[in-house]
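Participant: What follows is protein_35.txt, made up of compact mmCIF, C-alpha atoms:
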```txt
# COMPACT_ATOMS: atom_id res chain seq x y z
CA MET T 181 -51.60 -56.59 171.06
CA ASP T 182 -52.50 -60.20 170.47
CA ILE T 183 -56.11 -61.12 171.04
CA SER T 184 -56.13 -63.87 168.44
CA LYS T 185 -57.26 -66.47 170.97
CA LEU T 186 -59.97 -64.28 172.46
CA ARG T 187 -63.56 -65.51 172.19
CA VAL T 188 -66.08 -62.67 172.46
CA ALA T 189 -69.85 -62.96 172.86
CA ALA T 190 -71.92 -60.08 171.47
CA LEU T 191 -75.31 -60.41 173.19
CA ALA T 192 -78.18 -58.71 171.36
CA THR T 193 -81.74 -59.06 170.15
CA ASN T 194 -84.02 -57.18 167.76
CA GLY T 195 -83.54 -53.42 167.83
CA PHE T 196 -79.82 -53.26 168.71
CA GLU T 197 -78.12 -50.15 167.32
CA GLU T 198 -76.51 -51.37 164.09
CA VAL T 199 -73.14 -49.57 164.22
CA GLU T 200 -72.73 -50.42 167.90
CA TYR T 201 -72.55 -54.06 166.82
CA THR T 202 -70.94 -53.94 163.38
CA LYS T 203 -68.08 -51.54 164.16
CA PRO T 204 -66.87 -53.10 167.46
CA ARG T 205 -67.22 -56.58 165.90
CA LYS T 206 -65.11 -55.48 162.91
CA ALA T 207 -62.44 -54.02 165.23
CA LEU T 208 -62.32 -57.22 167.27
CA GLU T 209 -62.15 -59.47 164.21
CA GLU T 210 -59.47 -57.33 162.58
CA ALA T 211 -57.43 -57.81 165.77
CA GLY T 212 -57.90 -61.57 165.40
CA ALA T 213 -60.63 -62.31 167.95
CA THR T 214 -63.53 -64.67 167.36
CA VAL T 215 -66.91 -62.96 167.82
CA HIS T 216 -70.28 -64.73 168.13
CA LEU T 217 -73.62 -62.95 167.99
CA VAL T 218 -75.57 -64.58 170.85
CA SER T 219 -79.33 -63.95 170.97
CA PRO T 220 -82.54 -65.29 172.49
CA GLU T 221 -83.89 -65.18 168.90
CA LYS T 222 -83.23 -67.98 166.40
CA GLY T 223 -81.85 -67.38 162.92
CA GLY T 224 -81.50 -63.63 162.58
CA VAL T 225 -82.06 -60.41 164.45
CA GLN T 226 -82.86 -57.01 163.01
CA ALA T 227 -80.77 -53.98 163.87
CA TRP T 228 -81.96 -50.40 164.42
CA ALA T 229 -80.28 -47.67 162.37
CA THR T 230 -80.67 -44.32 164.19
CA ASP T 231 -84.42 -43.85 163.73
CA ASP T 232 -85.75 -46.91 161.91
CA TRP T 233 -85.14 -50.62 161.39
CA GLY T 234 -81.77 -51.56 159.91
CA GLY T 235 -80.16 -54.73 158.57
CA ILE T 236 -80.78 -58.34 159.60
CA TYR T 237 -77.82 -60.22 161.09
CA ASP T 238 -77.22 -63.94 161.50
CA VAL T 239 -77.36 -65.24 165.06
CA ASP T 240 -74.26 -67.39 165.65
CA LYS T 241 -75.44 -68.95 168.91
CA LEU T 242 -78.87 -69.25 170.49
CA LEU T 243 -78.69 -67.88 174.04
CA SER T 244 -80.47 -70.90 175.57
CA GLU T 245 -77.88 -73.25 174.04
CA THR T 246 -74.83 -71.12 174.90
CA ASN T 247 -72.54 -71.41 177.90
CA ALA T 248 -71.11 -68.07 179.03
CA ALA T 249 -68.04 -69.96 180.29
CA ASP T 250 -67.08 -70.56 176.63
CA TYR T 251 -66.31 -66.83 176.22
CA ASP T 252 -63.54 -64.56 177.49
CA ALA T 253 -65.29 -61.22 177.07
CA LEU T 254 -68.72 -59.68 176.43
CA LEU T 255 -69.84 -56.93 174.05
CA LEU T 256 -73.24 -55.33 174.64
CA PRO T 257 -74.50 -53.07 171.84
CA GLY T 258 -77.20 -50.56 172.76
CA GLY T 259 -80.24 -49.34 170.87
CA VAL T 260 -83.45 -48.41 172.64
CA LEU T 261 -85.46 -51.57 171.98
CA ASN T 262 -82.77 -54.26 172.44
CA PRO T 263 -81.73 -53.65 176.09
CA ASP T 264 -85.37 -53.14 177.10
CA ILE T 265 -86.05 -56.75 175.99
CA LEU T 266 -82.82 -58.28 177.34
CA ARG T 267 -83.09 -56.65 180.77
CA VAL T 268 -86.20 -58.67 181.59
CA ASN T 269 -84.82 -61.94 180.16
CA ASP T 270 -83.46 -64.06 183.04
CA GLU T 271 -81.18 -66.08 180.75
CA ALA T 272 -79.66 -62.87 179.41
CA LEU T 273 -79.09 -61.51 182.93
CA SER T 274 -77.45 -64.80 184.05
CA PHE T 275 -75.25 -64.72 180.94
CA VAL T 276 -74.09 -61.16 181.73
CA LYS T 277 -73.56 -61.92 185.43
CA HIS T 278 -71.16 -64.75 184.54
CA PHE T 279 -68.71 -62.22 183.07
CA ALA T 280 -68.98 -59.85 186.05
CA GLN T 281 -68.60 -62.64 188.61
CA ASN T 282 -65.51 -64.02 186.86
CA ASP T 283 -63.83 -60.64 186.30
CA LYS T 284 -64.12 -61.02 182.55
CA PRO T 285 -64.37 -57.75 180.62
CA ILE T 286 -67.74 -56.30 179.59
CA ALA T 287 -67.87 -53.53 176.94
CA PHE T 288 -71.25 -51.79 176.84
CA ILE T 289 -72.47 -48.71 175.00
CA CYS T 290 -75.47 -46.40 174.78
CA HIS T 291 -78.57 -48.01 176.38
CA ALA T 292 -76.83 -51.34 177.14
CA GLY T 293 -76.14 -50.13 180.69
CA GLN T 294 -79.83 -50.82 181.37
CA ILE T 295 -79.03 -54.54 181.21
CA LEU T 296 -76.33 -54.12 183.86
CA ILE T 297 -78.76 -52.14 186.03
CA SER T 298 -81.24 -55.02 185.92
CA ALA T 299 -78.43 -57.52 186.58
CA GLY T 300 -77.52 -55.52 189.72
CA LEU T 301 -73.98 -54.81 188.52
CA ILE T 302 -73.81 -51.00 188.53
CA LYS T 303 -73.52 -50.13 192.23
CA GLY T 304 -70.22 -48.38 193.00
CA ARG T 305 -68.93 -48.69 189.43
CA LYS T 306 -67.63 -45.86 187.25
CA VAL T 307 -69.67 -45.92 184.05
CA THR T 308 -71.24 -43.84 181.33
CA GLY T 309 -74.18 -44.36 178.98
CA TYR T 310 -76.69 -42.65 176.71
CA LYS T 311 -77.90 -39.37 178.20
CA SER T 312 -81.44 -40.69 178.71
CA ILE T 313 -80.33 -43.50 181.04
CA ARG T 314 -77.80 -41.64 183.20
CA THR T 315 -80.42 -40.85 185.86
CA ASP T 316 -81.13 -44.59 186.03
CA LEU T 317 -77.41 -45.48 186.22
CA ARG T 318 -77.12 -43.03 189.15
CA GLY T 319 -80.28 -44.45 190.75
CA ALA T 320 -78.64 -47.88 190.57
CA GLY T 321 -75.63 -46.56 192.50
CA GLY T 322 -73.27 -45.95 189.60
CA ILE T 323 -70.63 -43.21 189.50
CA VAL T 324 -71.67 -41.73 186.18
CA SER T 325 -69.64 -39.59 183.79
CA ASN T 326 -71.43 -37.16 181.42
CA ASP T 327 -68.56 -35.90 179.35
CA GLU T 328 -66.12 -38.73 178.66
CA GLN T 329 -66.23 -40.71 175.41
CA VAL T 330 -65.24 -43.89 177.19
CA VAL T 331 -65.00 -44.85 180.86
CA VAL T 332 -62.89 -47.80 182.04
CA ASP T 333 -63.39 -49.23 185.54
CA ASN T 334 -61.42 -52.46 185.91
CA ASN T 335 -63.33 -54.91 183.66
CA PHE T 336 -66.09 -52.45 182.61
CA ILE T 337 -65.67 -50.39 179.43
CA SER T 338 -68.60 -48.05 178.68
CA SER T 339 -69.44 -45.35 176.16
CA ARG T 340 -72.30 -42.92 175.57
CA ASN T 341 -73.42 -43.18 171.94
CA PRO T 342 -72.36 -44.11 168.37
CA ASP T 343 -70.09 -41.02 168.09
CA ASP T 344 -67.90 -42.54 170.81
CA ILE T 345 -67.28 -45.81 168.91
CA PRO T 346 -63.64 -45.08 167.89
CA ALA T 347 -62.66 -44.38 171.53
CA PHE T 348 -64.82 -47.30 172.72
CA ASN T 349 -63.15 -49.73 170.31
CA GLU T 350 -59.67 -48.57 171.28
CA LYS T 351 -60.23 -49.08 175.02
CA MET T 352 -62.17 -52.31 174.44
CA LEU T 353 -59.24 -53.83 172.52
CA GLU T 354 -56.80 -52.60 175.17
CA VAL T 355 -58.73 -54.00 178.15
CA PHE T 356 -59.74 -57.22 176.39
CA ALA T 357 -56.07 -57.85 175.45
CA LYS T 358 -54.81 -57.07 178.94
CA MET T 359 -57.39 -59.20 180.76
CA ALA T 360 -57.05 -62.08 178.34
CA ALA T 361 -53.24 -62.10 178.61
CA MET E 181 -119.18 -38.08 186.57
CA ASP E 182 -118.97 -34.84 184.65
CA ILE E 183 -115.62 -34.07 183.09
CA SER E 184 -117.11 -32.15 180.18
CA LYS E 185 -115.06 -29.03 180.98
CA LEU E 186 -111.80 -30.95 181.48
CA ARG E 187 -108.93 -30.11 179.15
CA VAL E 188 -106.40 -32.95 178.92
CA ALA E 189 -102.97 -32.83 177.28
CA ALA E 190 -101.64 -36.13 175.91
CA LEU E 191 -97.88 -35.59 175.56
CA ALA E 192 -96.18 -37.93 173.09
CA THR E 193 -93.72 -38.18 170.25
CA ASN E 194 -92.78 -40.82 167.66
CA GLY E 195 -92.87 -44.37 169.00
CA PHE E 196 -95.64 -44.01 171.60
CA GLU E 197 -97.56 -47.24 172.16
CA GLU E 198 -100.64 -46.85 169.97
CA VAL E 199 -103.38 -48.28 172.23
CA GLU E 200 -101.98 -46.42 175.24
CA TYR E 201 -102.94 -43.21 173.44
CA THR E 202 -106.04 -44.16 171.43
CA LYS E 203 -107.93 -46.03 174.16
CA PRO E 204 -107.47 -43.54 177.04
CA ARG E 205 -108.21 -40.66 174.61
CA LYS E 206 -111.41 -42.39 173.51
CA ALA E 207 -112.48 -42.96 177.13
CA LEU E 208 -111.82 -39.30 178.00
CA GLU E 209 -113.64 -37.99 174.94
CA GLU E 210 -116.62 -40.28 175.52
CA ALA E 211 -116.83 -38.79 179.02
CA GLY E 212 -116.90 -35.32 177.43
CA ALA E 213 -113.32 -34.13 177.99
CA THR E 214 -111.27 -32.24 175.41
CA VAL E 215 -107.99 -33.99 174.59
CA HIS E 216 -105.07 -32.47 172.69
CA LEU E 217 -102.11 -34.46 171.41
CA VAL E 218 -99.13 -32.26 172.36
CA SER E 219 -95.77 -33.10 170.77
CA PRO E 220 -92.33 -31.64 170.06
CA GLU E 221 -92.95 -32.84 166.46
CA LYS E 222 -94.94 -30.78 163.95
CA GLY E 223 -97.81 -32.22 161.93
CA GLY E 224 -98.02 -35.87 162.88
CA VAL E 225 -96.36 -38.49 165.04
CA GLN E 226 -96.12 -42.21 164.37
CA ALA E 227 -97.28 -44.73 166.95
CA TRP E 228 -95.70 -48.08 167.80
CA ALA E 229 -97.97 -51.15 167.69
CA THR E 230 -96.47 -53.88 169.92
CA ASP E 231 -93.41 -54.73 167.81
CA ASP E 232 -93.40 -52.40 164.82
CA TRP E 233 -94.46 -48.94 163.67
CA GLY E 234 -98.19 -48.20 163.87
CA GLY E 235 -100.48 -45.41 162.68
CA ILE E 236 -99.71 -41.72 162.24
CA TYR E 237 -101.68 -39.29 164.41
CA ASP E 238 -102.29 -35.57 164.02
CA VAL E 239 -100.49 -33.36 166.51
CA ASP E 240 -103.04 -30.91 167.96
CA LYS E 241 -100.53 -28.59 169.63
CA LEU E 242 -96.80 -28.13 169.15
CA LEU E 243 -95.09 -28.44 172.54
CA SER E 244 -93.02 -25.26 172.09
CA GLU E 245 -96.21 -23.25 171.46
CA THR E 246 -98.26 -24.83 174.25
CA ASN E 247 -98.79 -23.56 177.79
CA ALA E 248 -99.21 -26.33 180.35
CA ALA E 249 -101.39 -23.96 182.38
CA ASP E 250 -104.06 -24.31 179.69
CA TYR E 251 -104.66 -27.93 180.75
CA ASP E 252 -106.26 -29.55 183.79
CA ALA E 253 -104.70 -33.00 183.49
CA LEU E 254 -101.94 -34.91 181.70
CA LEU E 255 -101.93 -38.27 179.94
CA LEU E 256 -98.57 -39.91 179.17
CA PRO E 257 -98.69 -42.94 176.86
CA GLY E 258 -95.72 -45.30 176.98
CA GLY E 259 -93.93 -47.20 174.25
CA VAL E 260 -90.19 -47.83 174.39
CA LEU E 261 -89.02 -45.13 171.97
CA ASN E 262 -91.33 -42.25 172.94
CA PRO E 263 -90.38 -41.74 176.63
CA ASP E 264 -86.68 -42.22 175.81
CA ILE E 265 -86.92 -39.12 173.57
CA LEU E 266 -89.16 -37.04 175.85
CA ARG E 267 -87.12 -37.69 179.00
CA VAL E 268 -84.17 -35.75 177.57
CA ASN E 269 -86.32 -32.91 176.19
CA ASP E 270 -86.23 -29.99 178.65
CA GLU E 271 -89.49 -28.51 177.34
CA ALA E 272 -91.22 -31.85 177.86
CA LEU E 273 -89.87 -32.13 181.42
CA SER E 274 -91.00 -28.56 182.24
CA PHE E 275 -94.43 -29.33 180.80
CA VAL E 276 -94.78 -32.44 182.99
CA LYS E 277 -93.47 -30.65 186.11
CA HIS E 278 -96.19 -28.00 185.79
CA PHE E 279 -98.85 -30.65 186.47
CA ALA E 280 -96.96 -32.13 189.44
CA GLN E 281 -96.23 -28.70 190.97
CA ASN E 282 -99.87 -27.64 190.68
CA ASP E 283 -101.37 -30.89 191.98
CA LYS E 284 -103.00 -31.58 188.65
CA PRO E 285 -103.50 -35.28 187.83
CA ILE E 286 -100.97 -37.20 185.71
CA ALA E 287 -101.95 -40.59 184.23
CA PHE E 288 -98.94 -42.56 182.95
CA ILE E 289 -98.56 -46.10 181.69
CA CYS E 290 -95.89 -48.60 180.65
CA HIS E 291 -92.53 -46.84 180.00
CA ALA E 292 -93.92 -43.32 180.56
CA GLY E 293 -92.69 -43.43 184.16
CA GLN E 294 -89.19 -42.87 182.71
CA ILE E 295 -90.26 -39.29 181.94
CA LEU E 296 -91.25 -38.75 185.59
CA ILE E 297 -87.92 -40.23 186.71
CA SER E 298 -86.04 -37.69 184.60
CA ALA E 299 -88.34 -34.90 185.85
CA GLY E 300 -87.43 -35.89 189.43
CA LEU E 301 -91.03 -36.64 190.39
CA ILE E 302 -90.88 -40.28 191.53
CA LYS E 303 -89.25 -40.07 194.97
CA GLY E 304 -91.58 -41.29 197.72
CA ARG E 305 -94.49 -41.87 195.34
CA LYS E 306 -96.48 -45.09 194.96
CA VAL E 307 -96.30 -46.05 191.30
CA THR E 308 -96.13 -48.92 188.84
CA GLY E 309 -94.79 -49.28 185.31
CA TYR E 310 -93.62 -51.73 182.68
CA LYS E 311 -91.58 -54.56 184.20
CA SER E 312 -88.35 -53.42 182.51
CA ILE E 313 -88.38 -49.99 184.20
CA ARG E 314 -89.36 -51.00 187.75
CA THR E 315 -85.71 -51.21 188.87
CA ASP E 316 -85.29 -47.64 187.63
CA LEU E 317 -88.48 -46.45 189.36
CA ARG E 318 -87.10 -47.98 192.61
CA GLY E 319 -83.68 -46.42 191.96
CA ALA E 320 -85.45 -43.05 191.68
CA GLY E 321 -87.01 -43.57 195.13
CA GLY E 322 -90.45 -44.77 194.08
CA ILE E 323 -92.57 -47.24 196.05
CA VAL E 324 -93.20 -49.64 193.21
CA SER E 325 -95.98 -52.21 192.83
CA ASN E 326 -95.41 -55.31 190.66
CA ASP E 327 -98.84 -56.88 190.73
CA GLU E 328 -101.50 -54.18 190.59
CA GLN E 329 -103.18 -53.20 187.32
CA VAL E 330 -103.37 -49.58 188.39
CA VAL E 331 -101.84 -47.63 191.28
CA VAL E 332 -103.30 -44.32 192.48
CA ASP E 333 -101.24 -42.00 194.72
CA ASN E 334 -103.01 -38.67 195.11
CA ASN E 335 -102.67 -37.09 191.63
CA PHE E 336 -100.61 -39.93 190.08
CA ILE E 337 -102.39 -42.75 188.24
CA SER E 338 -100.05 -45.42 186.83
CA SER E 339 -100.36 -48.77 185.07
CA ARG E 340 -97.98 -51.48 183.83
CA ASN E 341 -98.84 -52.31 180.21
CA PRO E 342 -101.60 -52.32 177.55
CA ASP E 343 -103.47 -55.19 179.28
CA ASP E 344 -104.13 -52.82 182.19
CA ILE E 345 -105.84 -50.16 180.05
CA PRO E 346 -109.44 -50.88 181.19
CA ALA E 347 -108.43 -50.47 184.87
CA PHE E 348 -106.20 -47.51 183.98
CA ASN E 349 -109.02 -45.73 182.15
CA GLU E 350 -111.48 -46.31 185.00
CA LYS E 351 -109.18 -44.82 187.66
CA MET E 352 -108.03 -42.04 185.34
CA LEU E 353 -111.61 -40.90 184.78
CA GLU E 354 -112.35 -41.15 188.51
CA VAL E 355 -109.29 -39.14 189.63
CA PHE E 356 -109.54 -36.61 186.79
CA ALA E 357 -113.23 -35.99 187.64
CA LYS E 358 -112.54 -35.68 191.38
CA MET E 359 -109.57 -33.34 191.02
CA ALA E 360 -111.25 -31.20 188.38
CA ALA E 361 -114.43 -30.82 190.49
```
Would you write out, as C-alpha cells, the structure that this file holds?

Facilitator:
Amino acid sequence: MDISKLRVAALATNGFEEVEYTKPRKALEEAGATVHLVSPEKGGVQAWATDDWGGIYDVDKLLSETNAADYDALLLPGGVLNPDILRVNDEALSFVKHFAQNDKPIAFICHAGQILISAGLIKGRKVTGYKSIRTDLRGAGGIVSNDEQVVVDNNFISSRNPDDIPAFNEKMLEVFAKMAA
Amino acid sequence: MDISKLRVAALATNGFEEVEYTKPRKALEEAGATVHLVSPEKGGVQAWATDDWGGIYDVDKLLSETNAADYDALLLPGGVLNPDILRVNDEALSFVKHFAQNDKPIAFICHAGQILISAGLIKGRKVTGYKSIRTDLRGAGGIVSNDEQVVVDNNFISSRNPDDIPAFNEKMLEVFAKMAA
C-alpha cells in the first residue's frame, strides 16, 4: 500500500501512553506517511509509561496554530491523563470533529475514546476501548466490543490497550491507505 | 452534630487526589469520626497533587480483608488515575454497592463518580463531578449539575473539584450525622 502522501496528525498532551504514540507513529512513518505530533502544549509533552511518567517528545505543531484541514487522518493515543485533559479542550474537540465530519479516518486506542465521547461522535458507532471506559462508550450510544483487538467501523479504527497495537497498526495502515486513495 | 461513633471508609488507590482525601478526612476526624483508608494496595498508596505524584499514605485496611458492613459511611476521593483503577476492580465495586444498597451515605468528588457509573449506581440520581466526566454521568442516566459546588440527593453527596472541598465537607458532615443518627 502506498501512503507516502498521507499527512497524519497525532493529537496528544501530557500523560499520553508512550507506546500508543511511538509504535503507531513508527508504523506510519515506515509506510512513508508524514506524522505530526499536535498538542495544546508548546515545545514538548511527557508520555506515561504504564504506571509512571515516560519520555518527553517534541511537539511538531501547536494545536492553536494548526488547521485540521491540513491533515488526511488522525491518530489518538490513549493514557489515562491525556484524554481527560483533551476532552475538555474545545480546540481539541473541534480538531477531532473536523475528521469525523469530513469522513477522514480516526484511529484511537485505550482511553482516547473518551475524547470522541465528549465530541459527540460515538452514538451508533461500533467501537472498542480500555475496559474502564466501555460503560461510558455504551452510555454515549456506542456499540461496544469487549473481545476484539481492533474494531473498524467505516472511518473509525479502535483498539483496547497496548497489547492490541500490532493489530491496531495493521488495520490503521489498511484503512488510512484505502481512504486516502 | 455528634458523629463520634461514625466509622467512615475512605476507599482509594494510587493516584487519588491528595487534598480530596486529606481535607475531608481531617474534617471527619475533627468532628470525632473514625476514618480508615481502605485500598486494594498493601502498606501505602501514593497521592496525586494537581499535576504530579504527591505524598504516600498508610493504608489502614486492605480491601480484600475488609467488610463494608463494618462502616457507616463511604468517602471516595477523586484524582484521574485512582477511579480508573477502582472502577474495574470487582471488590471495589462490591464494597461501594454495599453502601448504596443499605442507604448508607456516599460522599464522592471529582472523578470518583466514575466508580459509581461502573457500579451502576448513577441512573436517576442528582449528582455532579469533574467537568470531564459529566458527559459520562449523563450517559449513565444521572441528573447532572454543572454549577453547584455540592449536590445532595438522599445519601449521595457529590462535588466537582478541589475548590469545592469546603462546601463538600460541610454537606458531608451534615448528611453523615443525620443518617448515622

Participant: Which value, in Å to one decimal, gives the distance between atom CA of E:Pro263 and atom CA of E:Asn334?

Facilitator: 22.6 Å

Participant: Report, in Å with one decimal, the straight-line distance from atom CA of T:Thr315 to atom CA of E:Gly300.

Facilitator: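 Interatomic distance here is 9.3 Å.
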
Participant: Mind pulling up the distance from atom CA of E:Thr202 to atom CA of T:Val260?

Facilitator: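 Distance between the two atoms: 23.0 Å.
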
Participant: Which polymer residues, whether protein, DNA or RNA, lie within 12 Å of the coordinate (-58.9, -51.6, 175.2) when you count all atoms listed in the file? List them as a PyMOL selection string, using the chain letters and numbers from the file.

Facilitator: chain T and resi 181-183+204+207-208+211+253+285-287+330-338+345-360

Participant: Select, as a list in words, those residues of chain T with any atom no more than 8 Å from chain E (distances computed using all atoms listed in the file).

Facilitator: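 Taking all atoms listed in the file into account, Val260, Leu261, Asp264, Ile265, Arg267, Val268, Ile297, Ser298, Lys311, Ser312, Thr315, Asp316, Arg318, Gly319 and Ala320 of chain T sit within 8 Å of chain E.
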
Participant: Could you tell me which of E:Ile236, E:Leu254, E:Ala272, E:Ala190 comes closest to E:Leu217 if we count all atoms listed in the file?

Facilitator: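 So, comparing all the options, the nearest one is E:Ala190.
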
Participant: So that I can check the surroundings of E:Leu242, please list as a PyMOL selection string every protein, DNA and RNA residue that reaches within 8 Å of it, counting only C-alpha atoms and ignoring chain neighbours fewer than 2 positions away.

Facilitator: chain E and resi 218-222+239-240+244-246

Participant: Mind writing the picked residues with C-alpha atoms as a PDB file, keeping the file's coordinate frame?

Facilitator:
```pdb
ATOM      1  CA  VAL E 218     -99.130 -32.260 172.360  1.00  0.00           C
ATOM      2  CA  SER E 219     -95.770 -33.100 170.770  1.00  0.00           C
ATOM      3  CA  PRO E 220     -92.330 -31.640 170.060  1.00  0.00           C
ATOM      4  CA  GLU E 221     -92.950 -32.840 166.460  1.00  0.00           C
ATOM      5  CA  LYS E 222     -94.940 -30.780 163.950  1.00  0.00           C
ATOM      6  CA  VAL E 239    -100.490 -33.360 166.510  1.00  0.00           C
ATOM      7  CA  ASP E 240    -103.040 -30.910 167.960  1.00  0.00           C
ATOM      8  CA  SER E 244     -93.020 -25.260 172.090  1.00  0.00           C
ATOM      9  CA  GLU E 245     -96.210 -23.250 171.460  1.00  0.00           C
ATOM     10  CA  THR E 246     -98.260 -24.830 174.250  1.00  0.00           C
TER      11      THR E 246
END
```

Participant: Point out the residue among T:Tyr237, T:Phe275, T:Tyr251, T:Phe288 with the least atom-to-atom distance to T:Lys185, counting all atoms listed in the file.

Facilitator: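 That would be T:Tyr251, the residue with the smallest distance to T:Lys185.
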